[in-house]
Structures are given as structure tokens and as C-alpha cells.
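What follows is a single structure, written as C-alpha cells, with notes after it.
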Amino acid sequence: MEGGYSPGRFGHALGWATALYLVLPLFIILPVSMTDQRFLSLPHEGLSLRHYAALFASGEWFASIAQSFWIACASTILAVSAGTLFAIAAWRINRRATELLRALMLLPLIVPSIVYAIGLYRYFGWWDLLDRFAGVVIAHGVTGIPYVVITVSTALASFDVRLEQAARGMGASLRQVLAWVILPRIMPGIVSGAIFAFIHSWDELVIVLFIASRDVFTLPRRIWDGINENQDPIMAAVAMLLIVFTTLLLVVDLAVRRRRG
Amino acid sequence: MRREAGWYALLLPAFLLLSVFYVTPILQVLAISFLEPTPGFSNYERIATNLSVQRVIVTTLRICSITTVLALLLGYALSYTITLASERARRWWLLCVLVPLWISVLVRAFAWVTLLRRQGLINQTLQGAGVISEPLELVWNEFGIIVGMVHYMVPYAVLPMLASMREIEPRLLAAARGMGASRGQVFARVFLPLSMPGVVAAGVLVFIFSLGFYITPAILGGGKTLMVAEWISLQILDLIRWGLGTMMATLLVVTILVTLALFSRVVNMRRLFGGA
């Protein structure tokens, strides 16, 4: 902020301390993941990549990573298609009723996942969707919709409605307007939404704890068991890979937004 | 009119998905709380009579209040520093907020366990330096839960506060300073009051998110300090007491919705969730 006003010494120090509190615990994982010991600790005599090697050699971890990845891809497609169409329609209709519907779409962000998880546990039992790939995809897709609705709505806010009206006036069908006029203009918003929906599914644990058990064993589920059961440094290697992966996705998102802005 | 109908059809996929696969299971939770094991209000009577139910409610409210206050305090200092930083520095500061926000909650809880446990890095360092002789009990108790929860919540506190602080006209601050106010006075009488809407919004957000928090308290509490979400999971998965578990889940949702309704005049929901 310009204007010659700067924070006091106390405010500045507390700001710095908070930033370190947020970031430092994440950095500590890097040296721990490269420890030369057999248990979770800082390296004693030298750095070693053997826990990373063990991670890539382990069929269990690899299977969970693959499963999480495919679930995240499928649920992202579900969330992005439903969420994008909804956001465009709500923006175009723009009535009181759509405002209410939009509030409904945000529910998954507000209602704690534990409540949804126990509901699904019983509900999916009837549909025979427990411990099924499809069940987890549906659950993650549905709860990913709000992220897409938010980012696409934000992108639409700066879109001129008259462009759409002009295209329709000149005889374009709804499908043509969508494909040639609206979608290309809001693509950055859709990409952002897709990234957040992907991360949401990739990290989701609470729902999975209830609706999946043996056949579907996602990466967060395996980490959860690992934290509760052993002190294997392979966990630190997994954690480090997740940090790098999420940070990369965020950087992509920032780049997309900058191009838009 | 027919053109309009086309647009309404586009609302359908999301609406159907949410109704069938989101709202229905949740309404079912609500229904079970009144129907099992016997129809009526018997589950809700436990709030008045059952000590375990009361204990978990009190514990949850206490931890959430402490978490909210700490997250607001730290988040405020951080937002204040970010607001007053130069354009260039601000980008780095924002990264410090956004990266932790999106890192898996499990990874963060894991990092805290690594740091705080008995043979963890903090205890080892302190013992190595001779500051303490016995390891400190830093985790698997309420202290550990709060450390982890505040860590999770600070970014959520920063985003609404930052949005409201950025609307404060910088020249106001410079003017107050020019007219002889000390730095403390400028902060207390100009900046702080103007940033209050953001503080309230952040407080509501952090509090309602904390109430239903599952993973961090479960890992850092080590099963000794139970909060509502873990208690619900225990009732359903281990004790198969659906009535009691769904009662608490309903109570949780109602508390969150009532809190939001009470503050809906102060807090712009759209901005709260759209600002990130």
C-alpha cells in the first residue's frame, strides 16, 4: 500500500511469525523424507533417497496413487460438466429462483463432510455403490461442483451478455452460442474450477473412510492408515510428493489467471 | 419462451446430481435421528441427560472458540502486513497463504505429528540443547489439536480480512498520520474499525469450518480428546448407534446454518466463498 504508512514493529513481527508458522512445518518434511534412518527423523549422517525408491517400488502405494488419480479425473469431469452448464444457465436466466439454486450448489462447502459421509454410507448401501469406483466418483464429483460453479460464475461476471444476445439474434442455436461464444471466453474459469475440483477429490478422505474399504483404497486412505499405524519415513516421501504436486497445480492456476487478467 | 426453456434444461444435470446424491442422503440423516432406535425425540433428550454427549459438545465449542480467536489474531496480523506490503512483496506473501490452504490436510497433520510427538523434532532439539530433560507433551491432547487447527484455519481467516482491508483507502491512513496521529492511533481509530466487516466474516467462516472438523483433531488428538465429528464417526462405525450419531450430525448442521443465518446481514456469503 502506497502513502507512506507502514505496519508497526509488533504487527510486522506477528505477520512474519504467522507466515513462518504456516510454511515452516511443510518445509520440515523435505529433510525428513531424505533421512538415512529407518524411522521418522532428521538425517543423521547423510541424505538418502532410499525412501523415495521404496515408495516407487511399492506396489501398494503405487496402486493407491493410480486409483486416486483416476477417481480424481473422473469426478473432475463430472463436476466440471455439471457445474459449468449450471453456472452459465444461472447467469443467463438470473432470476430469484436461480439465486436460491446457486445457494443450494454451495451447500457441500458448508455442510461438514462427516454429515454427508454417514448419510452416503447408508444411502449407497441401497444402491450397491459401497466400495465401488463409481460410488466414490459420484460422491467426489457432486461435492466438487461448488468449486466449478464459483470459478465459472466469477469468469462470467466480466462477460458481456449482449455478445450472447447478438449471436442468438443472428440465428445461432443454443449449442452454437455455448460452443463458439461463451465457452471460449470463460475457459480460464473452467480450468481453475477443474484444478480445484481435482485437488478436492485427490485429497478427500472423510467420505472415502465411510464409503470405501478394500477394493477402493485411495492415497489419502493409505496415508491415514500410515499415520495411525507406523512411523515409516516412506510417509514423508509421499507427503513431499503431494506438496510438490499441489504446488505445481496452483502455479498452473496462477498462470491461467494471469493470462486472463 | 422456448429459448428460455433451453437454458433451464442446462440447470438440470447439476440440480439432479445434487438432489439425488447430496441432499437426499443428508435429509436421510436428519430423518434417522428421529426414527431410530424408536420414533420420537429420544435421541435429542440425550442432550439434556447424557454426560458423554454434553462433554463432546462442550469440548468442541471450547476448542472451536480458542481456534477462532487465535486464527483471527494471527490472520489479522498477516493480512495487515500483506495489505501494507509493496506490490512485489505481496505476491510472495499471498503464496504463503495459498499454498498451505491447498496442501492436503493429511500432509499438514502429518507434518505436525512429526514435529510435536515425544521423539519429534521439537522435543529432540530442545533436549539436545539441554533446555528440557523430559519430553514435553505437545501432541495427542488439546494443545496439539489447537496447533493443527489454527494452522489449517489461518488461510481461511486471511482471505476475507484481506478482501476488506484492501478496500480501505490508503490516503486515509496517510492523512491521519499527517494530522498528527501516532501509528497506534491510526491503527486503533482508523484501520481497525474499517476492517471490522472482514474480521466478522472471517470469524464466522473459521468457526463454522472448525465445528465439523474431522481429520486434524482425529490425528492430533490421538483419540483422547474427542470433537463432534470424530464422536459421530465413533457412534456410527464402532458402536453402531445410528440414532445418536445422526442426532449429533443434525445438531451440527443446524448450528452451522443458524450461525450463517444470524450473520447473513453482516457477511456476504457469495463473497465469502467466491473470494478465494
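By convention here, the chains of the C-alpha cells are called A, B, ... in the order presented, each chain's residues are numbered starting at 1, and ligands are numbered starting at 1 in the order presented.
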Given only C-alpha atoms, how would the per-residue table for chain B near chain A read, listing every residue at most 6 Å away with its closest atom pair and distance in Å to one decimal, sorted by chain and number, as CSV?
residue,atom,partner,partner_atom,distance
B:Trp7,CA,A:Ala89,CA,5.2
B:Leu10,CA,A:Leu85,CA,5.4
B:Leu11,CA,A:Phe86,CA,4.6
B:Pro13,CA,A:Ala82,CA,5.5
B:Ala14,CA,A:Ala82,CA,4.7
B:Pro25,CA,A:Gly119,CA,4.6
B:Ile26,CA,A:Gly119,CA,5.4
B:Val29,CA,A:Gly119,CA,5.3
B:Leu74,CA,A:Thr18,CA,5.9
B:Ala77,CA,A:Gly15,CA,4.7
B:Leu78,CA,A:Gly15,CA,4.1
B:Thr81,CA,A:Gly15,CA,5.8
B:Leu84,CA,A:Met1,CA,4.6
B:Ala85,CA,A:Met1,CA,5.9
B:Ser104,CA,A:Asp203,CA,5.6
B:Val107,CA,A:Ala239,CA,5.5
B:Ala111,CA,A:Pro25,CA,5.8
B:Ala174,CA,A:Gly3,CA,5.7
B:Gly212,CA,A:Pro112,CA,5.1
B:Ala249,CA,A:Val115,CA,5.6
B:Gly274,CA,A:Ile150,CA,5.7
Got a sec to tell me which of region 32-136 of chain B DSSP assigns to helix (DSSP H, G or I), as an NGL selection string? :B and (32-35 or 42-49 or 51-84 or 87-102 or 105-116 or 121-128)
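Taking CA of Ala237 (chain A) and CA of Tyr214 (chain B) as the two end points, the separation is 23.9 Å.
Once Leu172 (chain B) and its same-chain neighbours fewer than 4 positions away are set aside, Ile168, Ala176, Arg177, Val190 and Phe191 of chain B remain within 9 Å of it when counting only C-alpha atoms.
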Generate a file of the selected residues that holds N, CA, C and O atoms, formatted as a compact mmCIF listing (two decimals), in the first residue's frame.
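Once written, again-v4.txt looks like this:
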# COMPACT_ATOMS: atom_id res chain seq x y z
N ILE B 168 -9.80 -0.45 2.09
CA ILE B 168 -9.53 0.74 2.89
C ILE B 168 -8.65 1.70 2.08
O ILE B 168 -7.62 1.31 1.53
N ALA B 176 -4.43 10.73 8.34
CA ALA B 176 -4.50 10.69 9.80
C ALA B 176 -3.11 10.88 10.40
O ALA B 176 -2.92 11.59 11.38
N ARG B 177 -2.13 10.24 9.74
CA ARG B 177 -0.74 10.34 10.20
C ARG B 177 -0.27 11.79 10.06
O ARG B 177 0.35 12.36 10.96
N VAL B 190 -8.63 4.28 12.96
CA VAL B 190 -8.99 4.33 11.54
C VAL B 190 -9.00 2.93 10.93
O VAL B 190 -10.02 2.45 10.44
N PHE B 191 -7.85 2.25 10.98
CA PHE B 191 -7.71 0.98 10.26
C PHE B 191 -8.60 -0.12 10.86
O PHE B 191 -9.37 -0.76 10.15
In Å, with one decimal, what is the gap from CA of Ser192 (chain A) to CA of Leu101 (chain B)? 15.3 Å
What gap, in Å, lies between CA of Gly144 (chain B) and CA of Pro217 (chain B)? 8.3 Å
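Taking only C-alpha atoms into account, Tyr152 (chain B) lies nearest to B:Gly75 out of the set B:Gly128, B:Pro170, B:Pro197, B:Gly75.
Excluding region 159-163 of chain A itself and any same-chain residue fewer than 6 positions from it, the protein and nucleic acid residues within 9 Å of it, counting only C-alpha atoms, are Arg92, Val181, Ile182, Arg185 and Ile186 of chain A.
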Convert the current residue selection to file output with C-alpha atoms, as a PDB file, in the first residue's frame.
ATOM      1  CA  ARG A  92     -28.162 -16.206 -18.235  1.00  0.00           C
ATOM      2  CA  VAL A 181     -19.258 -17.627 -27.942  1.00  0.00           C
ATOM      3  CA  ILE A 182     -19.485 -18.424 -24.250  1.00  0.00           C
ATOM      4  CA  ARG A 185     -14.381 -16.707 -23.217  1.00  0.00           C
ATOM      5  CA  ILE A 186     -14.736 -18.410 -19.854  1.00  0.00           C
TER       6      ILE A 186
END
Within 12 Å of Arg241 (chain B) using only C-alpha atoms, minus same-chain residues under 3 positions, as a PDB file with C-alpha atoms, in the first residue's frame:
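part.pdb written:
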ATOM      1  CA  ILE A 118     -22.600 -41.023   7.219  1.00  0.00           C
TER       2      ILE A 118
ATOM      3  CA  ILE B  32     -32.859 -41.281  11.040  1.00  0.00           C
ATOM      4  CA  SER B  33     -32.207 -39.044  14.036  1.00  0.00           C
ATOM      5  CA  GLU B  36     -34.027 -44.851  15.231  1.00  0.00           C
ATOM      6  CA  PRO B  37     -33.925 -46.721  17.528  1.00  0.00           C
ATOM      7  CA  THR B  38     -37.535 -45.654  18.305  1.00  0.00           C
ATOM      8  CA  ASN B  43     -32.122 -39.095  20.776  1.00  0.00           C
ATOM      9  CA  TRP B 231     -17.528 -38.702  18.052  1.00  0.00           C
ATOM     10  CA  ILE B 232     -20.142 -39.109  15.289  1.00  0.00           C
ATOM     11  CA  SER B 233     -17.841 -41.439  13.369  1.00  0.00           C
ATOM     12  CA  LEU B 234     -17.310 -43.487  16.552  1.00  0.00           C
ATOM     13  CA  GLN B 235     -21.084 -43.830  17.089  1.00  0.00           C
ATOM     14  CA  ILE B 236     -21.709 -44.955  13.516  1.00  0.00           C
ATOM     15  CA  LEU B 237     -18.702 -47.151  12.688  1.00  0.00           C
ATOM     16  CA  ASP B 238     -17.764 -48.654  16.050  1.00  0.00           C
ATOM     17  CA  LEU B 244     -27.240 -40.896  18.447  1.00  0.00           C
ATOM     18  CA  GLY B 245     -24.748 -40.277  15.642  1.00  0.00           C
ATOM     19  CA  THR B 246     -27.303 -38.773  13.284  1.00  0.00           C
ATOM     20  CA  MET B 247     -28.746 -36.672  16.114  1.00  0.00           C
ATOM     21  CA  MET B 248     -25.358 -35.080  16.649  1.00  0.00           C
TER      22      MET B 248
END
Neighbours of region 133-137 of chain B within 12 Å (only C-alpha atoms; same-chain residues fewer than 5 positions away dropped), as a PyMOL selection string? chain B and resi 113+115-128+142-144+220-221
If we count only C-alpha atoms and set the cut-off at 12 Å, which residues sit around Ala54 (chain A), ignoring sequence neighbours fewer than 3 positions away in its own chain? Please answer as a ChimeraX atom specification. /A:33-34,38,48-51,57-62,232-238
